[in-house]
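Report on one structure; see the data block that follows.
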Amino acid sequence: MPALLQVETDPGAPATLRVEAAAAPARWAAEQRDPLRAFVTEHGALMVRGLDLRDASGVAAVVRELTDAPVTEREAFTSRRMYSEGVYSSAQWPPNQPMCMHHELSYASEFPGLMLFACIDPAEEGGATGVADAAAVLRALPPELTDRFEREGWLLTRSYNDEIGATVAEAFGTDDRDAVESYCRANAIEFAWQPDGGLRTRQRRSAVVRHPVTGLRCWFNQIAFLNEWTMAPEVREYLIDEYGADGLPFNTRYGNGDPITEDIVALLNKIYDANTVRRPWQAGDLLIVDNIRTAHSREAFQGPRDVVVAMADPVRAEDCAPDSGRAVA
């Protein structure tokens, strides 16, 4: 459509399309669905400015027009408010702590292929959602490091309790032990119930995947974000003192179980930073993100911030296995 010829590609910012559709954003989204999706598939992300989205119901109407199927979040690591199927509040993460680059639910056996972020109310300061090209990140990483992760995958360990992070019920949609165990078995998650009633899990996943549409090889994981060394030092020390090194709410390791050192986590975050682009939110903005091609982050912020998040178009991990012969089941 002609409107896509107006896409702005400023250095340091995601591609942005300015529109005049305040009166009927859902109708505009329906008319522009195919070119919008084609652009995001090719380029990884697109910010749409001018939709004048004002509430979660308006966002949900646009999401229904742009996507094929909603994704219900499972294995969440923090709580969210659910507005409608696949449409949520932002993750309840401390506003003074950034959320580092990650791909949503990259540790799950099924994850959203498409993420949509809609700004209802921007923060007074900070709070931008950054994006990073996962194919470019993969190319920038040292080959010896990516080779190891391709051979071994990465390991996510989690400890669930009622005091910090997501509870069992929030993560799995139920606190029924039989249902939780069935889910874990069906999704290749090792589990162990603790004497205090808590749950610990381990799951091994691929660190590099191939995009099912474009074929691009992408660095697709949450190795850095969910690692203990990405936490603020005082937070990490408190959690270890309180719960022990094996009781952290989440942590990541090499696929063979070896710990990932602080310098490796710093390197991953440094390369993410070098490949990050962002544009400060304005009320009504919509950011459409290919969740496989593009990682996303959230800056620390001050003041109220209301960004609605939608997860859509489920993708099975098995459909993204790289053809290197080193995929992790």
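Every chain in the structure tokens has a letter given in the order shown (A, B, ...), and although residue numbers restart at 1 in each chain, ligands are simply numbered from 1 in the order shown.
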
Extract, using only C-alpha atoms, all DNA, RNA and protein residues at most 6 Å from segment 103-116 of chain A, discarding same-chain residues fewer than 2 positions from it, and format them as a list of chain:residue names.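 Near neighbours after the sequence-gap exclusion: A:Asn221, A:Leu287, A:Ile288, A:Val289, A:Asp290, A:Asn291, A:Ala295, A:Val309, A:Ala310, A:Met311, A:Ala312, A:Asp313, A:Pro314, A:Val315, A:Arg316, A:Ala317.
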
Store the residues of this selection in a file with N, CA, C and O atoms, as a compact mmCIF listing (two decimals), in the first residue's frame.
# COMPACT_ATOMS: atom_id res chain seq x y z
N ASN A 221 16.75 -16.38 22.54
CA ASN A 221 16.81 -16.96 23.89
C ASN A 221 16.65 -15.85 24.93
O ASN A 221 16.46 -14.68 24.59
N LEU A 287 3.77 -0.61 18.50
CA LEU A 287 5.01 -1.20 18.03
C LEU A 287 4.74 -2.66 17.73
O LEU A 287 4.33 -3.43 18.60
N ILE A 288 4.96 -3.07 16.47
CA ILE A 288 4.73 -4.45 16.03
C ILE A 288 6.09 -5.12 15.88
O ILE A 288 6.96 -4.61 15.18
N VAL A 289 6.27 -6.26 16.53
CA VAL A 289 7.59 -6.90 16.60
C VAL A 289 7.49 -8.36 16.21
O VAL A 289 6.66 -9.10 16.75
N ASP A 290 8.33 -8.78 15.27
CA ASP A 290 8.50 -10.20 14.98
C ASP A 290 9.33 -10.78 16.12
O ASP A 290 10.51 -10.47 16.25
N ASN A 291 8.74 -11.63 16.93
CA ASN A 291 9.38 -12.09 18.16
C ASN A 291 10.57 -13.00 17.93
O ASN A 291 11.40 -13.17 18.83
N ALA A 295 14.59 -9.05 19.21
CA ALA A 295 14.50 -9.02 20.68
C ALA A 295 13.96 -7.67 21.11
O ALA A 295 14.03 -6.68 20.36
N VAL A 309 0.37 -5.07 26.16
CA VAL A 309 1.18 -6.05 25.42
C VAL A 309 0.27 -7.14 24.88
O VAL A 309 -0.56 -7.68 25.61
N ALA A 310 0.44 -7.48 23.61
CA ALA A 310 -0.32 -8.57 23.01
C ALA A 310 0.63 -9.61 22.45
O ALA A 310 1.66 -9.28 21.86
N MET A 311 0.28 -10.88 22.67
CA MET A 311 1.05 -12.01 22.16
C MET A 311 0.17 -12.77 21.18
O MET A 311 -0.98 -13.09 21.50
N ALA A 312 0.72 -13.07 20.00
CA ALA A 312 -0.13 -13.67 18.97
C ALA A 312 0.67 -14.60 18.07
O ALA A 312 1.90 -14.62 18.07
N ASP A 313 -0.07 -15.37 17.29
CA ASP A 313 0.46 -16.23 16.25
C ASP A 313 1.48 -17.23 16.78
O ASP A 313 2.69 -17.09 16.56
N PRO A 314 1.01 -18.26 17.51
CA PRO A 314 1.92 -19.22 18.14
C PRO A 314 2.81 -19.95 17.15
O PRO A 314 2.40 -20.29 16.04
N VAL A 315 4.05 -20.19 17.59
CA VAL A 315 5.04 -20.92 16.80
C VAL A 315 5.60 -22.03 17.68
O VAL A 315 5.93 -21.80 18.85
N ARG A 316 5.72 -23.22 17.14
CA ARG A 316 6.33 -24.32 17.86
C ARG A 316 7.84 -24.27 17.69
O ARG A 316 8.35 -24.04 16.60
N ALA A 317 8.56 -24.50 18.78
CA ALA A 317 10.02 -24.46 18.72
C ALA A 317 10.55 -25.46 17.70
O ALA A 317 11.55 -25.19 17.00

With only C-alpha atoms as the counted atoms, please give the residues lying no more than 9 Å from Leu46 of chain A, apart from itself and same-chain residues fewer than 6 positions off, as JSON, numbers by chain. {"A": [7, 14, 15, 16, 17, 36, 39, 40, 286, 287, 288, 289]}

Just want the 6 Å neighbourhood of Arg18 of chain A, counted on only C-alpha atoms, with same-chain residues fewer than 3 positions away dropped. Output as a compact mmCIF listing (two decimals) with C-alpha atoms, in the first residue's frame.
# COMPACT_ATOMS: atom_id res chain seq x y z
CA VAL A 48 2.97 2.96 13.94
CA ARG A 49 2.35 6.50 15.17
CA GLY A 50 -1.05 8.21 14.93

Which one of A:Gly247, A:Pro70, A:Gly284, A:Pro98 sits closest to Asp121 of chain A if you count only C-alpha atoms?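 Nearest to Asp121 of chain A: A:Gly284.
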
Show me, as a PyMOL selection string, the residues that have an atom within 10 Å of Cys184 of chain A when counting only C-alpha atoms, minus same-chain residues fewer than 4 positions from it. chain A and resi 172+178-180+188-191+201-203

Serialized selection, C-alpha atoms, as a short mmCIF file (atom, residue, chain, number, x, y, z; two decimals), in the first residue's frame:
data_model
loop_
_atom_site.label_atom_id
_atom_site.label_comp_id
_atom_site.auth_asym_id
_atom_site.auth_seq_id
_atom_site.Cartn_x
_atom_site.Cartn_y
_atom_site.Cartn_z
CA PHE A 172 1.01 -22.60 34.81
CA ASP A 178 -1.12 -33.28 38.61
CA ALA A 179 -1.90 -30.64 35.98
CA VAL A 180 1.46 -28.90 36.52
CA ALA A 188 10.25 -31.32 28.27
CA ILE A 189 10.57 -29.63 31.65
CA GLU A 190 12.25 -31.47 34.52
CA PHE A 191 10.54 -30.75 37.85
CA THR A 201 12.27 -26.79 37.20
CA ARG A 202 14.94 -27.18 34.52
CA GLN A 203 14.48 -26.95 30.77
#

Two-atom distance - atom CA of Val168 of chain A, atom CA of Asp246 of chain A (Å): 17.4 Å

I'd like to know which residues of segment 40-178 of chain A are strand (DSSP E or B) (by DSSP, run on the backbone); could you write them as number ranges by chain? A: 45-49, 70, 82-84, 87-88, 99-102, 110-121, 125-126, 131-133, 154-160

Export, as a compact mmCIF listing (two decimals), in the first residue's frame, the selected residues with N, CA, C and O atoms.
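again02.txt was written with the following content:
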# COMPACT_ATOMS: atom_id res chain seq x y z
N ALA A 45 10.57 -5.19 12.82
CA ALA A 45 9.75 -4.36 13.73
C ALA A 45 9.30 -3.11 13.00
O ALA A 45 9.96 -2.64 12.06
N LEU A 46 8.17 -2.58 13.45
CA LEU A 46 7.64 -1.34 12.89
C LEU A 46 6.83 -0.62 13.96
O LEU A 46 5.97 -1.21 14.61
N MET A 47 7.12 0.67 14.16
CA MET A 47 6.30 1.50 15.03
C MET A 47 5.29 2.26 14.19
O MET A 47 5.65 2.86 13.17
N VAL A 48 4.03 2.21 14.61
CA VAL A 48 2.97 2.96 13.94
C VAL A 48 2.56 4.09 14.86
O VAL A 48 2.16 3.86 16.01
N ARG A 49 2.65 5.31 14.36
CA ARG A 49 2.35 6.50 15.17
C ARG A 49 1.15 7.22 14.56
O ARG A 49 1.14 7.52 13.36
N PRO A 70 -4.52 -15.55 19.15
CA PRO A 70 -3.87 -15.07 20.37
C PRO A 70 -3.03 -16.17 21.01
O PRO A 70 -3.25 -17.36 20.77
N MET A 82 -4.45 -9.66 32.82
CA MET A 82 -4.98 -10.11 31.53
C MET A 82 -6.23 -9.30 31.20
O MET A 82 -7.20 -9.30 31.95
N TYR A 83 -6.22 -8.60 30.06
CA TYR A 83 -7.37 -7.81 29.64
C TYR A 83 -8.35 -8.64 28.81
O TYR A 83 -9.56 -8.54 28.97
N SER A 84 -7.80 -9.43 27.90
CA SER A 84 -8.58 -10.33 27.07
C SER A 84 -7.61 -11.39 26.55
O SER A 84 -6.41 -11.31 26.82
N VAL A 87 -4.03 -10.52 25.41
CA VAL A 87 -3.77 -9.09 25.63
C VAL A 87 -3.57 -8.84 27.11
O VAL A 87 -4.45 -9.15 27.93
N TYR A 88 -2.41 -8.26 27.47
CA TYR A 88 -2.01 -8.16 28.86
C TYR A 88 -1.46 -6.78 29.19
O TYR A 88 -1.11 -6.00 28.29
N MET A 99 14.50 -3.94 31.90
CA MET A 99 14.30 -5.30 31.41
C MET A 99 15.21 -5.46 30.20
O MET A 99 15.01 -4.80 29.17
N CYS A 100 16.22 -6.30 30.32
CA CYS A 100 17.21 -6.44 29.26
C CYS A 100 16.63 -7.17 28.05
O CYS A 100 15.55 -7.75 28.11
N MET A 101 17.37 -7.14 26.97
CA MET A 101 16.90 -7.72 25.72
C MET A 101 16.53 -9.19 25.88
O MET A 101 17.24 -9.97 26.51
N HIS A 102 15.39 -9.56 25.29
CA HIS A 102 14.93 -10.94 25.32
C HIS A 102 13.88 -11.16 24.23
O HIS A 102 13.36 -10.21 23.64
N GLU A 110 6.25 -23.56 22.89
CA GLU A 110 5.45 -22.77 21.95
C GLU A 110 5.47 -21.33 22.41
O GLU A 110 5.28 -21.05 23.59
N PHE A 111 5.71 -20.42 21.50
CA PHE A 111 5.89 -19.02 21.86
C PHE A 111 5.21 -18.14 20.83
O PHE A 111 4.89 -18.59 19.71
N PRO A 112 4.97 -16.86 21.14
CA PRO A 112 4.36 -15.97 20.15
C PRO A 112 5.31 -15.64 19.01
O PRO A 112 6.48 -15.34 19.23
N GLY A 113 4.79 -15.71 17.79
CA GLY A 113 5.57 -15.28 16.65
C GLY A 113 5.52 -13.78 16.47
O GLY A 113 6.40 -13.18 15.85
N LEU A 114 4.48 -13.16 17.03
CA LEU A 114 4.29 -11.72 16.87
C LEU A 114 3.97 -11.11 18.23
O LEU A 114 3.19 -11.65 19.01
N MET A 115 4.62 -9.98 18.52
CA MET A 115 4.36 -9.19 19.73
C MET A 115 3.88 -7.81 19.30
O MET A 115 4.41 -7.23 18.35
N LEU A 116 2.90 -7.28 20.02
CA LEU A 116 2.43 -5.93 19.77
C LEU A 116 2.42 -5.17 21.08
O LEU A 116 1.91 -5.67 22.09
N PHE A 117 2.98 -3.97 21.07
CA PHE A 117 3.05 -3.12 22.25
C PHE A 117 2.33 -1.81 21.93
O PHE A 117 2.64 -1.16 20.93
N ALA A 118 1.39 -1.43 22.77
CA ALA A 118 0.62 -0.21 22.53
C ALA A 118 0.73 0.70 23.74
O ALA A 118 0.47 0.29 24.87
N CYS A 119 1.13 1.93 23.49
CA CYS A 119 1.33 2.89 24.58
C CYS A 119 0.05 3.67 24.83
O CYS A 119 -0.40 4.44 23.97
N ILE A 120 -0.53 3.45 26.02
CA ILE A 120 -1.69 4.23 26.44
C ILE A 120 -1.25 5.50 27.15
O ILE A 120 -1.80 6.57 26.94
N ASP A 121 -0.22 5.35 27.98
CA ASP A 121 0.29 6.50 28.75
C ASP A 121 1.80 6.35 28.90
O ASP A 121 2.25 5.43 29.58
N GLU A 125 9.58 9.85 32.43
CA GLU A 125 10.98 9.79 32.00
C GLU A 125 11.35 8.34 31.77
O GLU A 125 11.04 7.46 32.57
N GLY A 126 12.02 8.04 30.63
CA GLY A 126 12.45 6.69 30.33
C GLY A 126 11.29 5.82 29.89
O GLY A 126 10.25 6.29 29.45
N VAL A 131 14.41 -2.35 20.57
CA VAL A 131 14.40 -3.57 19.76
C VAL A 131 15.79 -3.80 19.19
O VAL A 131 16.55 -2.85 18.96
N ALA A 132 16.12 -5.07 18.98
CA ALA A 132 17.43 -5.44 18.44
C ALA A 132 17.28 -6.59 17.45
O ALA A 132 16.55 -7.55 17.71
N ASP A 133 17.94 -6.47 16.33
CA ASP A 133 17.89 -7.47 15.26
C ASP A 133 18.64 -8.73 15.70
O ASP A 133 19.86 -8.71 15.89
N TRP A 154 20.84 -24.00 25.83
CA TRP A 154 20.94 -23.28 27.10
C TRP A 154 19.94 -23.87 28.09
O TRP A 154 18.94 -24.47 27.70
N LEU A 155 20.25 -23.73 29.34
CA LEU A 155 19.45 -24.32 30.40
C LEU A 155 18.84 -23.22 31.25
O LEU A 155 19.55 -22.32 31.71
N LEU A 156 17.53 -23.28 31.44
CA LEU A 156 16.84 -22.36 32.33
C LEU A 156 16.44 -23.11 33.59
O LEU A 156 15.80 -24.16 33.51
N THR A 157 16.84 -22.59 34.74
CA THR A 157 16.42 -23.16 36.02
C THR A 157 15.52 -22.15 36.71
O THR A 157 15.76 -20.94 36.67
N ARG A 158 14.45 -22.66 37.36
CA ARG A 158 13.50 -21.78 38.03
C ARG A 158 13.11 -22.36 39.38
O ARG A 158 13.05 -23.59 39.55
N SER A 159 12.86 -21.47 40.32
CA SER A 159 12.34 -21.86 41.63
C SER A 159 11.08 -21.03 41.88
O SER A 159 11.13 -19.80 41.93
N TYR A 160 9.97 -21.72 42.03
CA TYR A 160 8.69 -21.07 42.26
C TYR A 160 8.33 -21.12 43.74
O TYR A 160 8.46 -22.17 44.39

Compile the contact shell of segment 224-241 of chain A as a ChimeraX atom specification: residues with an atom at most 7 Å away, counting only C-alpha atoms, same-chain residues fewer than 2 positions apart removed. /A:100-102,222,243-245,248,250-252,262,265,268-269

One decimal, Å: what's the distance from atom CA of Pro122 of chain A over to atom CA of Asp285 of chain A, could you say? 9.6 Å

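The closest residue to Arg54 of chain A, picked from A:Val208, A:Ala134, A:Ala23, A:Ala29 and counting only C-alpha atoms, is A:Ala23.
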
Which residues are near segment 8-13 of chain A? Cut-off 7 Å, only C-alpha atoms, ignore same chain within fewer than 6 positions. Put them as an MDAnalysis selection string. chainID A and resid 277:279

I'd like the contact shell of Asp162 of chain A - 10 Å cut-off, only C-alpha atoms, skipping same-chain residues fewer than 6 positions apart - returned as a list in words. Val168, Ala169, Gly197 and Gly198 of chain A
